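For reference, query_36.csv is printed below; it contains CSV, C-alpha atoms.
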```
chain,number,residue,atom,x,y,z
T,3,MET,CA,0.1,15.7,10.0
T,4,ARG,CA,-3.6,16.3,10.3
T,5,PRO,CA,-5.7,13.5,9.0
T,6,TRP,CA,-7.5,14.6,5.8
T,7,LYS,CA,-11.1,13.5,5.8
T,8,PRO,CA,-13.1,15.2,3.1
T,9,VAL,CA,-16.8,15.0,3.0
T,10,MET,CA,-18.0,12.9,0.1
T,11,ARG,CA,-21.6,12.4,1.0
T,12,ALA,CA,-22.6,14.9,-1.6
T,13,VAL,CA,-22.2,12.3,-4.3
T,14,ALA,CA,-24.5,13.2,-7.2
T,15,GLU,CA,-27.0,10.7,-8.4
T,16,ASP,CA,-25.0,9.9,-11.5
T,17,MET,CA,-21.8,9.5,-9.6
T,18,GLY,CA,-20.4,6.6,-7.7
T,19,LEU,CA,-17.4,5.9,-5.4
T,20,TRP,CA,-14.5,3.8,-6.6
T,21,ALA,CA,-12.9,2.1,-3.6
T,22,TYR,CA,-9.1,1.5,-3.6
T,23,ALA,CA,-8.3,0.2,-0.2
T,24,VAL,CA,-9.1,0.0,3.5
T,25,ILE,CA,-6.8,1.8,6.0
T,26,ASN,CA,-6.9,2.5,9.7
T,27,ALA,CA,-9.0,5.6,10.3
T,28,SER,CA,-6.0,7.2,12.1
T,29,THR,CA,-3.8,6.9,9.1
T,30,PRO,CA,-3.3,10.2,7.3
T,31,MET,CA,-4.2,10.0,3.6
T,32,ARG,CA,-2.9,12.7,1.4
T,33,SER,CA,-5.3,13.9,-1.2
T,34,VAL,CA,-4.2,12.7,-4.7
T,35,ALA,CA,-5.9,12.4,-8.0
T,36,GLY,CA,-7.3,8.9,-8.6
T,37,ILE,CA,-9.3,7.1,-11.3
T,38,ALA,CA,-10.3,9.6,-14.0
T,39,GLY,CA,-8.8,12.4,-12.0
T,40,GLY,CA,-11.3,12.3,-9.2
T,41,MET,CA,-9.8,13.5,-5.9
T,42,VAL,CA,-9.3,10.8,-3.4
T,43,GLY,CA,-10.8,11.0,0.1
T,44,THR,CA,-11.8,8.7,2.9
T,45,VAL,CA,-15.1,7.3,4.2
T,46,VAL,CA,-14.7,6.5,7.9
T,47,ALA,CA,-16.7,3.9,9.9
T,48,GLY,CA,-15.4,3.4,13.4
T,49,ASP,CA,-11.6,2.7,13.4
T,50,LEU,CA,-11.6,1.8,9.7
T,51,ALA,CA,-11.5,4.1,6.6
T,52,ALA,CA,-12.1,3.3,3.0
T,53,VAL,CA,-10.0,5.2,0.5
T,54,ALA,CA,-12.2,6.2,-2.5
T,55,SER,CA,-12.8,8.8,-5.2
T,56,PRO,CA,-15.9,9.8,-7.1
T,57,VAL,CA,-16.4,8.4,-10.6
T,58,ASP,CA,-19.1,9.0,-13.2
T,59,LEU,CA,-21.4,6.1,-13.4
T,60,ALA,CA,-21.8,6.7,-17.2
T,61,ASP,CA,-18.2,5.3,-17.4
T,62,TYR,CA,-18.0,3.3,-14.2
T,63,GLY,CA,-21.5,1.8,-13.9
T,64,GLU,CA,-22.2,-1.8,-14.4
T,65,ASP,CA,-22.5,-2.0,-18.1
T,66,ALA,CA,-19.9,0.6,-18.9
T,67,LEU,CA,-17.5,-1.0,-16.5
T,68,ARG,CA,-17.9,-4.4,-18.1
T,69,ARG,CA,-17.4,-2.9,-21.6
T,70,ASN,CA,-14.4,-0.7,-20.6
T,71,LEU,CA,-12.6,-3.5,-18.7
T,72,GLU,CA,-12.3,-5.4,-22.0
T,73,HIS,CA,-10.4,-2.5,-23.5
T,74,LEU,CA,-6.7,-2.9,-22.7
T,75,PRO,CA,-5.6,0.7,-22.7
T,76,TRP,CA,-8.6,1.6,-20.5
T,77,LEU,CA,-7.8,-1.3,-18.2
T,78,GLU,CA,-4.1,-0.3,-18.0
T,79,ALA,CA,-5.0,3.3,-17.1
T,80,ALA,CA,-7.4,2.1,-14.4
T,81,ALA,CA,-4.9,-0.4,-13.0
T,82,ARG,CA,-2.2,2.2,-12.8
T,83,ALA,CA,-4.5,4.8,-11.2
T,84,HIS,CA,-5.8,2.2,-8.7
T,85,HIS,CA,-2.2,1.1,-7.9
T,86,GLY,CA,-1.0,4.7,-7.6
T,87,VAL,CA,-3.6,5.6,-4.9
T,88,ILE,CA,-2.9,2.3,-3.0
T,89,ALA,CA,0.9,2.9,-3.2
T,90,GLU,CA,0.3,6.4,-1.9
T,91,ALA,CA,-1.8,5.2,1.0
T,92,ALA,CA,0.9,2.6,1.8
T,93,THR,CA,3.5,5.3,2.4
T,94,ALA,CA,1.4,6.5,5.4
T,95,GLY,CA,0.4,3.2,7.0
T,96,ALA,CA,-1.0,-0.3,6.7
T,97,VAL,CA,-3.3,-0.8,3.7
T,98,VAL,CA,-5.6,-3.6,2.6
T,99,PRO,CA,-5.8,-3.3,-1.2
T,100,LEU,CA,-9.2,-4.0,-2.7
T,101,ARG,CA,-9.6,-5.7,-6.1
T,102,LEU,CA,-9.9,-3.5,-9.1
T,103,ALA,CA,-13.4,-2.3,-9.9
T,104,THR,CA,-15.1,-2.2,-6.5
T,105,VAL,CA,-17.7,0.6,-6.9
T,106,TYR,CA,-20.4,1.9,-4.6
T,107,ARG,CA,-23.4,4.1,-5.3
T,108,THR,CA,-23.3,6.0,-2.1
T,109,GLU,CA,-21.0,6.9,0.8
T,110,ALA,CA,-23.4,5.0,3.1
T,111,GLY,CA,-23.1,1.9,1.0
T,112,LEU,CA,-19.3,2.0,1.3
T,113,ALA,CA,-19.5,2.7,5.1
T,114,GLY,CA,-21.9,-0.2,5.5
T,115,MET,CA,-19.4,-2.5,3.8
T,116,LEU,CA,-16.7,-1.4,6.4
T,117,VAL,CA,-19.0,-2.1,9.3
T,118,ARG,CA,-20.1,-5.6,8.0
T,119,ASN,CA,-16.6,-6.7,7.3
T,120,ARG,CA,-14.9,-5.1,10.3
T,121,ALA,CA,-13.7,-8.4,11.8
T,122,ASP,CA,-12.2,-9.6,8.5
T,123,PHE,CA,-10.4,-6.3,7.9
T,124,HIS,CA,-8.9,-6.6,11.3
T,125,LEU,CA,-7.7,-10.1,10.5
T,126,ALA,CA,-6.1,-8.7,7.3
T,127,PHE,CA,-4.5,-5.8,9.2
T,128,ASP,CA,-3.0,-8.3,11.7
T,129,ARG,CA,-1.4,-10.1,8.9
T,130,ILE,CA,0.0,-7.2,6.8
T,131,GLN,CA,0.7,-4.4,9.4
T,132,GLY,CA,4.4,-3.3,9.2
T,133,ARG,CA,4.9,-5.7,6.2
T,134,SER,CA,5.3,-5.3,2.5
T,135,GLU,CA,5.2,-7.6,-0.5
T,136,TRP,CA,8.2,-8.3,-2.7
T,137,GLY,CA,8.2,-10.1,-6.0
T,138,VAL,CA,11.0,-12.4,-7.1
T,139,LYS,CA,10.9,-13.9,-10.6
T,140,ALA,CA,13.4,-16.6,-11.7
T,141,TYR,CA,14.3,-17.0,-15.4
T,142,ALA,CA,16.3,-19.9,-16.8
T,143,ALA,CA,19.5,-18.2,-17.9
T,144,THR,CA,19.4,-18.3,-21.7
T,145,ALA,CA,22.8,-20.0,-22.0
T,146,THR,CA,21.6,-23.0,-20.0
T,147,VAL,CA,18.5,-23.5,-22.2
T,148,THR,CA,19.8,-23.0,-25.8
T,149,SER,CA,22.5,-25.6,-25.9
T,150,ARG,CA,24.5,-24.0,-28.8
T,151,PRO,CA,24.7,-20.9,-30.9
T,152,ALA,CA,22.6,-20.7,-34.0
T,153,SER,CA,25.5,-20.3,-36.4
T,154,GLN,CA,26.9,-23.6,-35.2
T,155,ALA,CA,23.6,-25.3,-35.6
T,156,THR,CA,23.3,-24.0,-39.2
T,157,THR,CA,26.8,-25.4,-40.0
T,158,GLU,CA,25.7,-28.7,-38.6
T,159,LEU,CA,22.6,-28.7,-40.6
T,160,ARG,CA,24.5,-28.1,-43.8
T,161,SER,CA,27.0,-31.0,-43.1
T,162,GLU,CA,24.1,-33.2,-42.1
T,163,ARG,CA,22.4,-32.9,-45.4
T,164,GLY,CA,21.6,-36.3,-46.7
T,165,SER,CA,21.6,-37.9,-43.3
T,166,GLY,CA,18.2,-37.5,-41.9
T,167,ALA,CA,18.6,-40.1,-39.2
T,168,GLN,CA,21.7,-38.4,-37.9
T,169,TYR,CA,20.1,-35.0,-37.9
T,170,LEU,CA,17.1,-36.4,-36.0
T,171,SER,CA,19.2,-38.1,-33.4
T,172,GLN,CA,21.3,-34.9,-32.9
T,173,ARG,CA,18.1,-32.9,-32.6
T,174,LYS,CA,16.8,-35.4,-30.0
T,175,ALA,CA,20.0,-35.0,-28.0
T,176,ARG,CA,19.7,-31.2,-28.1
T,177,LEU,CA,16.1,-31.5,-26.8
T,178,ALA,CA,17.2,-33.9,-24.1
T,179,ALA,CA,20.0,-31.4,-23.1
T,180,SER,CA,17.5,-28.6,-23.0
T,181,GLU,CA,15.1,-30.6,-20.9
T,182,GLN,CA,17.9,-31.4,-18.5
T,183,ALA,CA,18.8,-27.7,-18.3
T,184,ARG,CA,15.1,-27.0,-17.5
T,185,LYS,CA,15.1,-29.5,-14.7
T,186,VAL,CA,18.3,-28.0,-13.2
T,187,ALA,CA,16.7,-24.6,-13.4
T,188,VAL,CA,13.4,-25.7,-11.8
T,189,ALA,CA,15.3,-27.5,-9.0
T,190,SER,CA,17.3,-24.4,-8.4
T,191,ALA,CA,14.2,-22.2,-8.4
T,192,ARG,CA,12.7,-24.4,-5.8
T,193,ASP,CA,15.8,-23.9,-3.6
T,194,VAL,CA,15.6,-20.2,-4.1
T,195,HIS,CA,11.9,-20.2,-3.1
T,196,ALA,CA,12.6,-22.2,0.1
T,197,MET,CA,15.5,-19.9,1.0
T,198,LEU,CA,13.4,-16.7,0.5
T,199,SER,CA,10.4,-18.3,2.3
T,200,SER,CA,12.6,-18.6,5.4
T,201,VAL,CA,13.0,-14.9,5.6
T,202,SER,CA,9.3,-14.2,4.8
T,203,VAL,CA,6.1,-14.2,6.9
T,204,ALA,CA,4.1,-15.7,4.0
T,205,THR,CA,4.6,-16.6,0.4
T,206,ASP,CA,2.5,-17.0,-2.7
T,207,LEU,CA,3.3,-18.3,-6.2
T,208,HIS,CA,1.8,-16.5,-9.2
T,209,GLN,CA,1.6,-18.0,-12.6
T,210,PRO,CA,4.9,-17.6,-14.5
T,211,GLN,CA,4.5,-15.0,-17.2
T,212,ASP,CA,4.7,-15.5,-20.9
T,213,PRO,CA,7.7,-13.9,-22.6
T,214,GLN,CA,5.4,-11.4,-24.3
T,215,LEU,CA,4.2,-10.2,-20.9
T,216,SER,CA,7.4,-10.3,-19.1
T,217,GLY,CA,9.2,-8.5,-21.9
T,218,ARG,CA,12.1,-10.9,-21.7
T,219,ARG,CA,13.0,-13.8,-24.0
T,220,ASP,CA,14.3,-15.9,-21.2
T,221,ARG,CA,11.8,-18.5,-19.9
T,222,MET,CA,10.3,-17.6,-16.6
T,223,ILE,CA,10.2,-20.6,-14.3
T,224,MET,CA,9.1,-19.0,-11.0
T,225,ASN,CA,7.0,-16.0,-10.2
T,226,GLY,CA,7.1,-15.8,-6.4
T,227,THR,CA,5.8,-13.2,-4.0
T,228,TYR,CA,6.8,-12.8,-0.4
T,229,LEU,CA,5.3,-11.0,2.6
T,230,VAL,CA,8.3,-9.5,4.5
T,231,ASP,CA,8.5,-7.5,7.7
T,232,ASP,CA,9.6,-4.0,6.8
T,233,GLN,CA,12.3,-4.2,9.4
T,234,ALA,CA,13.7,-7.3,7.6
T,235,SER,CA,13.5,-5.8,4.1
T,236,SER,CA,17.3,-5.4,3.7
T,237,GLU,CA,17.7,-8.9,5.0
T,238,PHE,CA,15.3,-10.1,2.3
T,239,THR,CA,17.0,-8.2,-0.5
T,240,ALA,CA,20.4,-9.5,0.7
T,241,ALA,CA,18.9,-13.0,0.6
T,242,VAL,CA,17.8,-12.4,-3.0
T,243,ARG,CA,21.4,-11.3,-3.9
T,244,ASP,CA,22.8,-14.4,-2.2
T,245,ALA,CA,20.3,-16.6,-4.0
T,246,ALA,CA,21.4,-15.1,-7.3
T,247,VAL,CA,25.0,-15.8,-6.6
T,248,GLY,CA,24.3,-19.3,-5.6
T,249,SER,CA,22.1,-20.1,-8.6
T,250,PRO,CA,24.1,-19.8,-11.9
T,251,ALA,CA,21.3,-21.5,-13.8
T,252,LEU,CA,18.9,-18.6,-13.0
T,253,GLN,CA,18.5,-14.9,-13.4
T,254,LEU,CA,16.5,-13.4,-10.6
T,255,GLU,CA,14.4,-10.3,-10.9
T,256,LEU,CA,13.3,-8.4,-7.8
T,257,THR,CA,10.3,-6.1,-7.7
T,258,GLY,CA,8.9,-4.2,-4.7
T,259,PRO,CA,8.2,-3.2,-2.1
T,260,TRP,CA,4.6,-3.6,-3.2
T,261,PRO,CA,1.5,-2.9,-1.1
T,262,PRO,CA,0.4,-6.4,0.2
T,263,TYR,CA,-1.9,-7.2,-2.7
T,264,SER,CA,-1.3,-11.0,-2.6
T,265,PHE,CA,-1.8,-11.2,1.1
T,266,ALA,CA,-4.9,-9.1,1.6
T,267,ALA,CA,-7.5,-11.7,0.8
T,268,VAL,CA,-9.7,-12.8,3.6
T,269,ALA,CA,-13.1,-14.3,3.2
T,270,ALA,CA,-15.1,-11.1,3.2
T,271,GLU,CA,-18.6,-10.7,2.0
T,272,GLY,CA,-20.5,-7.7,0.8
Y,7,MET,CA,16.1,0.9,-19.5
Y,8,THR,CA,17.4,2.1,-16.2
Y,9,SER,CA,17.1,-0.7,-13.7
Y,10,GLY,CA,17.0,0.5,-10.1
Y,11,ASN,CA,19.7,-1.8,-8.7
Y,12,VAL,CA,21.5,-4.2,-11.0
Y,13,VAL,CA,23.7,-6.5,-9.0
Y,14,GLN,CA,26.0,-8.8,-10.7
Y,15,ARG,CA,28.3,-11.1,-8.8
Y,16,GLY,CA,29.7,-14.4,-9.8
Y,17,GLY,CA,27.3,-16.2,-12.1
Y,18,GLY,CA,24.2,-14.8,-10.5
Y,19,THR,CA,22.2,-11.7,-11.5
Y,20,VAL,CA,19.5,-9.7,-9.7
Y,21,ARG,CA,17.6,-7.2,-11.7
Y,22,GLY,CA,15.4,-4.9,-9.6
Y,23,TYR,CA,12.8,-2.4,-10.8
Y,24,GLY,CA,9.4,-1.1,-10.0
Y,25,SER,CA,9.8,0.1,-6.5
Y,26,SER,CA,6.2,0.8,-6.1
Y,27,LEU,CA,6.4,2.7,-2.8
Y,28,ALA,CA,9.4,4.9,-3.6
Y,29,ARG,CA,7.8,5.8,-6.9
Y,30,GLY,CA,9.4,7.7,-9.7
Y,31,ASN,CA,12.2,5.8,-11.4
Y,32,GLU,CA,10.7,3.2,-13.5
Y,33,PRO,CA,7.0,2.5,-14.1
Y,34,VAL,CA,5.7,-0.8,-12.7
Y,35,ASN,CA,5.6,-3.6,-15.3
Y,36,LEU,CA,2.0,-4.0,-16.5
Y,37,GLY,CA,2.0,-7.7,-16.2
Y,38,ASP,CA,3.2,-7.6,-12.6
Y,39,LEU,CA,0.5,-5.0,-11.9
Y,40,LEU,CA,-2.4,-6.8,-13.5
Y,41,GLU,CA,-1.7,-10.1,-11.9
Y,42,ARG,CA,-2.0,-8.2,-8.6
Y,43,VAL,CA,-4.9,-5.9,-9.1
Y,44,LEU,CA,-7.0,-8.4,-11.0
Y,45,ASP,CA,-6.1,-11.7,-9.4
Y,46,LYS,CA,-5.2,-10.5,-5.9
Y,47,GLY,CA,-6.5,-7.8,-3.6
Y,48,LEU,CA,-9.4,-8.2,-1.3
Y,49,VAL,CA,-12.7,-9.1,-3.1
Y,50,ILE,CA,-15.7,-7.5,-1.6
Y,51,ALA,CA,-19.1,-6.9,-3.2
Y,52,GLY,CA,-19.6,-3.4,-4.4
Y,53,ASP,CA,-23.0,-1.8,-5.2
Y,54,ILE,CA,-22.0,-1.9,-8.8
Y,55,GLN,CA,-21.6,-5.5,-9.6
Y,56,VAL,CA,-19.4,-6.7,-12.4
Y,57,ASN,CA,-20.4,-10.3,-12.6
Y,58,LEU,CA,-17.6,-12.5,-11.3
Y,59,LEU,CA,-18.1,-14.8,-14.2
Y,60,ASP,CA,-17.4,-11.9,-16.5
Y,61,ILE,CA,-14.3,-11.1,-14.6
Y,62,GLU,CA,-13.1,-14.6,-15.0
Y,63,LEU,CA,-13.8,-14.3,-18.7
Y,64,LEU,CA,-12.0,-11.0,-18.8
Y,65,THR,CA,-9.0,-12.4,-17.0
Y,66,ILE,CA,-8.8,-15.4,-19.4
Y,67,LYS,CA,-9.2,-13.1,-22.4
Y,68,LEU,CA,-6.5,-10.8,-21.0
Y,69,ARG,CA,-4.2,-13.7,-20.7
Y,70,LEU,CA,-4.9,-14.6,-24.3
Y,71,VAL,CA,-4.4,-11.1,-25.5
Y,72,ILE,CA,-1.4,-10.0,-23.6
Y,73,ALA,CA,0.2,-13.2,-22.3
Y,74,SER,CA,-0.7,-14.9,-25.5
Y,75,LEU,CA,-1.0,-18.3,-23.9
Y,76,GLU,CA,-2.3,-19.8,-27.1
Y,77,THR,CA,1.0,-19.0,-28.8
Y,78,ALA,CA,2.8,-20.4,-25.7
Y,79,ARG,CA,0.9,-23.6,-26.1
Y,80,GLU,CA,1.6,-23.9,-29.8
Y,81,VAL,CA,5.3,-23.6,-29.2
Y,82,GLY,CA,5.1,-26.0,-26.3
Y,83,ILE,CA,6.1,-23.7,-23.5
Y,84,ASN,CA,3.1,-24.5,-21.3
Y,85,TRP,CA,4.8,-27.2,-19.3
Y,86,TRP,CA,4.4,-25.2,-16.0
Y,87,GLU,CA,0.6,-25.7,-16.3
Y,88,HIS,CA,1.2,-29.3,-15.5
Y,89,ASP,CA,3.6,-28.7,-12.6
Y,90,PRO,CA,1.5,-28.2,-9.5
Y,91,TRP,CA,4.4,-26.6,-7.7
Y,92,LEU,CA,5.0,-24.0,-10.4
Y,93,SER,CA,1.4,-23.3,-11.2
Y,94,GLY,CA,0.8,-22.4,-7.6
Y,95,ASN,CA,-1.7,-24.7,-5.9
Y,96,ALA,CA,-4.5,-22.2,-5.5
Y,97,GLN,CA,-6.9,-24.6,-4.0
Y,98,GLN,CA,-4.4,-25.6,-1.3
Y,99,GLN,CA,-3.6,-22.0,-0.5
Y,100,HIS,CA,-7.2,-21.3,-0.1
Y,101,LEU,CA,-7.8,-24.2,2.3
Y,102,MET,CA,-4.7,-23.2,4.3
Y,103,GLU,CA,-6.1,-19.7,4.6
Y,104,GLU,CA,-9.5,-20.9,5.6
Y,105,ASN,CA,-7.9,-23.2,8.2
Y,106,ARG,CA,-5.9,-20.3,9.7
Y,107,GLN,CA,-9.1,-18.2,10.0
Y,108,LEU,CA,-11.1,-20.9,11.5
Y,109,ARG,CA,-8.4,-21.6,14.1
Y,110,ARG,CA,-8.4,-17.9,15.0
Y,111,ARG,CA,-12.2,-17.9,15.4
Y,112,VAL,CA,-12.1,-21.0,17.6
Y,113,GLU,CA,-9.5,-19.3,19.8
Y,114,ALA,CA,-11.6,-16.2,20.0
Y,115,LEU,CA,-14.7,-18.2,20.9
Y,116,GLU,CA,-12.8,-20.3,23.5
Y,117,ALA,CA,-11.4,-17.1,25.0
Y,118,GLY,CA,-14.9,-15.7,25.3
Y,119,ASP,CA,-16.2,-18.9,27.0
Y,120,GLU,CA,-13.4,-18.8,29.6
Y,121,SER,CA,-14.1,-15.2,30.5
Y,122,ARG,CA,-17.8,-16.0,31.0
Y,123,GLY,CA,-17.4,-19.3,32.8
```

Translate the structure described by the file into structure tokens.
Amino acid sequence: MRPWKPVMRAVAEDMGLWAYAVINASTPMRSVAGIAGGMVGTVVAGDLAAVASPVDLADYGEDALRRNLEHLPWLEAAARAHHGVIAEAATAGAVVPLRLATVYRTEAGLAGMLVRNRADFHLAFDRIQGRSEWGVKAYAATATVTSRPASQATTELRSERGSGAQYLSQRKARLAASEQARKVAVASARDVHAMLSSVSVATDLHQPQDPQLSGRRDRMIMNGTYLVDDQASSEFTAAVRDAAVGSPALQLELTGPWPPYSFAAVAAEG
Amino acid sequence: MTSGNVVQRGGGTVRGYGSSLARGNEPVNLGDLLERVLDKGLVIAGDIQVNLLDIELLTIKLRLVIASLETAREVGINWWEHDPWLSGNAQQQHLMEENRQLRRRVEALEAGDESRG
């Protein structure tokens, strides 16, 4: 495939460049639509290329961006477009994802950033080349947290009428059982994390998500992410399945492969 | 919901979705996506600066809006915030990363000295 390198220097005054990721200059990047439908191209500096697309500064300038980012549907569209381009780039080669909302006024500004941070980008490439990120979330299986069905609890409540002390002591026992179940689940999640770490190059723990965000009622107790050699990806997914079988207190959720978002960070400066 | 690969064996369950490279089947979960594109990814200064403090505020606000942490606190499910293992020790991760980088730079410098001397 012939590397596609469009000319983007003709960026109009009221236009900027939204940067998605940095790739090796030799990696072919298919032209796709990015943020706000702008066609994606590359800005090359030496052996590195930035993947970017033109954006209107009326919507993506400093003030507009700050305002728009507070608007959830706008943010979601931007996040999905940003991710879409990065995922597309990742199908062709190693990719260092940039954080959302990295915008340049000129092609020269973007190229300059590549030159200034060249050493750091190479460090990042050394780390993520030929590797992908996988997410594994562990939920405490509902049955181990809710100690008894609601109907049973209601019956008990009725029979306990008039005996406040008895009710309280039973409630205390239920809370203790639930706390015990949580401890078992946390210990189990710790084992799962250790096991998955042994088949990973690097790991990171994200904050467990709230049920409203995860879309599940079960309590999330681990939100791990793992950098895995692409050659070992089937070994990793098999390890997740084994972990699930060996952890009856947990439900595991596997996502990926992701571009290596969680492992891209190196101390770079503008 | 069509999960990509539901595996169920014994008591364990693996639910998989959101294969973000082989795109098509199921959209990536918004929470999974935002925690990556907002909190992760390489931070470099662009020409258009959205103040980092503002981004922090945004992230906090987002968490309040979509993760509804306030609600979580009210019903007492914020115990993970006090568990350094579960909350992900960001400071330690940062130091480890810095350490790795410094070691590489020292190696590179030493290699340079040897070739000169």

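Among the candidate residues T:Val230, T:Ala183, T:Val138, T:Ala241, the one lying nearest to T:Thr257 is T:Val138, with distances computed using only C-alpha atoms.
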
Extract, using all atoms listed in the file, all DNA, RNA and protein residues at most 9 Å from T:Arg133, discarding same-chain residues fewer than 5 positions from it, and format them as a list in words.
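Listed by chain and then number, they are Ala96, Val203, Leu229, Val230, Asp231, Asp232, Gln233, Ser235, Pro261 and Pro262 of chain T.
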
Rank nothing, just name the residue among Y:Asp38, Y:Asp45, Y:Asp119, Y:Asp53 nearest to chain T, using only C-alpha atoms.
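Answer, going by the shortest atom-to-atom distance: Y:Asp53.
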
At a cut-off of 6 Å, using only C-alpha atoms, what residues contact T:Ile37? Leave out same-chain residues fewer than 2 positions from it and give the result as a ChimeraX atom specification.
/T:39-40,83

What is the distance, in Å and to one decimal place, between atom CA of T:Met31 and atom CA of T:Asp61?
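About the pair atom CA of T:Met31 and atom CA of T:Asp61: they are 25.7 Å apart.
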
Might you pull out every residue within 12 Å of T:Asp128, with only C-alpha atoms counted and same-chain residues fewer than 2 positions away left off, and present them as a ChimeraX atom specification?
/T:26,96-98,121-126,130-133,203,265-266,268 /Y:107,110

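With atom CA of T:Ala196 on one side and atom CA of T:Pro99 on the other, the separation reads 26.4 Å.
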
For Y:Leu48: contacts at 6 Å, all atoms listed in the file, fewer than 2 positions along chain excluded, given as a short mmCIF file (atom, residue, chain, number, x, y, z; two decimals) with C-alpha atoms, in the frame of the given file:
```cif
data_model
loop_
_atom_site.label_atom_id
_atom_site.label_comp_id
_atom_site.auth_asym_id
_atom_site.auth_seq_id
_atom_site.Cartn_x
_atom_site.Cartn_y
_atom_site.Cartn_z
CA LEU T 100 -9.20 -4.00 -2.70
CA ARG T 101 -9.60 -5.70 -6.10
CA ALA T 266 -4.90 -9.10 1.60
CA ALA T 267 -7.50 -11.70 0.80
#
```

Interatomic distance (Å, one decimal) between atom CA of T:Thr93 and atom CA of T:Thr29:
10.0 Å

From the list T:Val194, T:Ala103, T:Ala52, T:Ala27, which residue is nearest chain Y when using all atoms listed in the file?
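Residue with the minimum atom-to-atom distance to chain Y: T:Ala103.
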
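Proximity to chain Y was assessed for T:Gly63, T:Gly95, T:Gly36, T:Gly43 counting all atoms listed in the file; the smallest distance is recorded for T:Gly63.
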
Could you work out an axis-aligned bounding box for all listed atoms of stretch 33-41 of chain Y, with 5 Å added on each of the six sides, and give its centre and edge lengths in Å to one decimal, as AutoDock Vina command-line options?
```
--center_x 2.3 --center_y -3.8 --center_z -14.2 --size_x 19.4 --size_y 22.6 --size_z 14.6
```

Excluding same-chain residues fewer than 4 positions from T:Val53, what lies within 10 Å of it counting only C-alpha atoms, as a VMD selection string?
chain T and resid 7 19 to 25 27 31 42 to 46 87 to 88 91 97 99 to 100 112

Using all atoms listed in the file, which residue out of Y:Glu113, Y:Gly118, Y:Asn105, Y:Leu40 lies closest to chain T?
Y:Leu40

Which of Y:Gly47, Y:Glu41, Y:Asn35, Y:Glu104 sits closest to chain T [using all atoms listed in the file]:
Y:Gly47
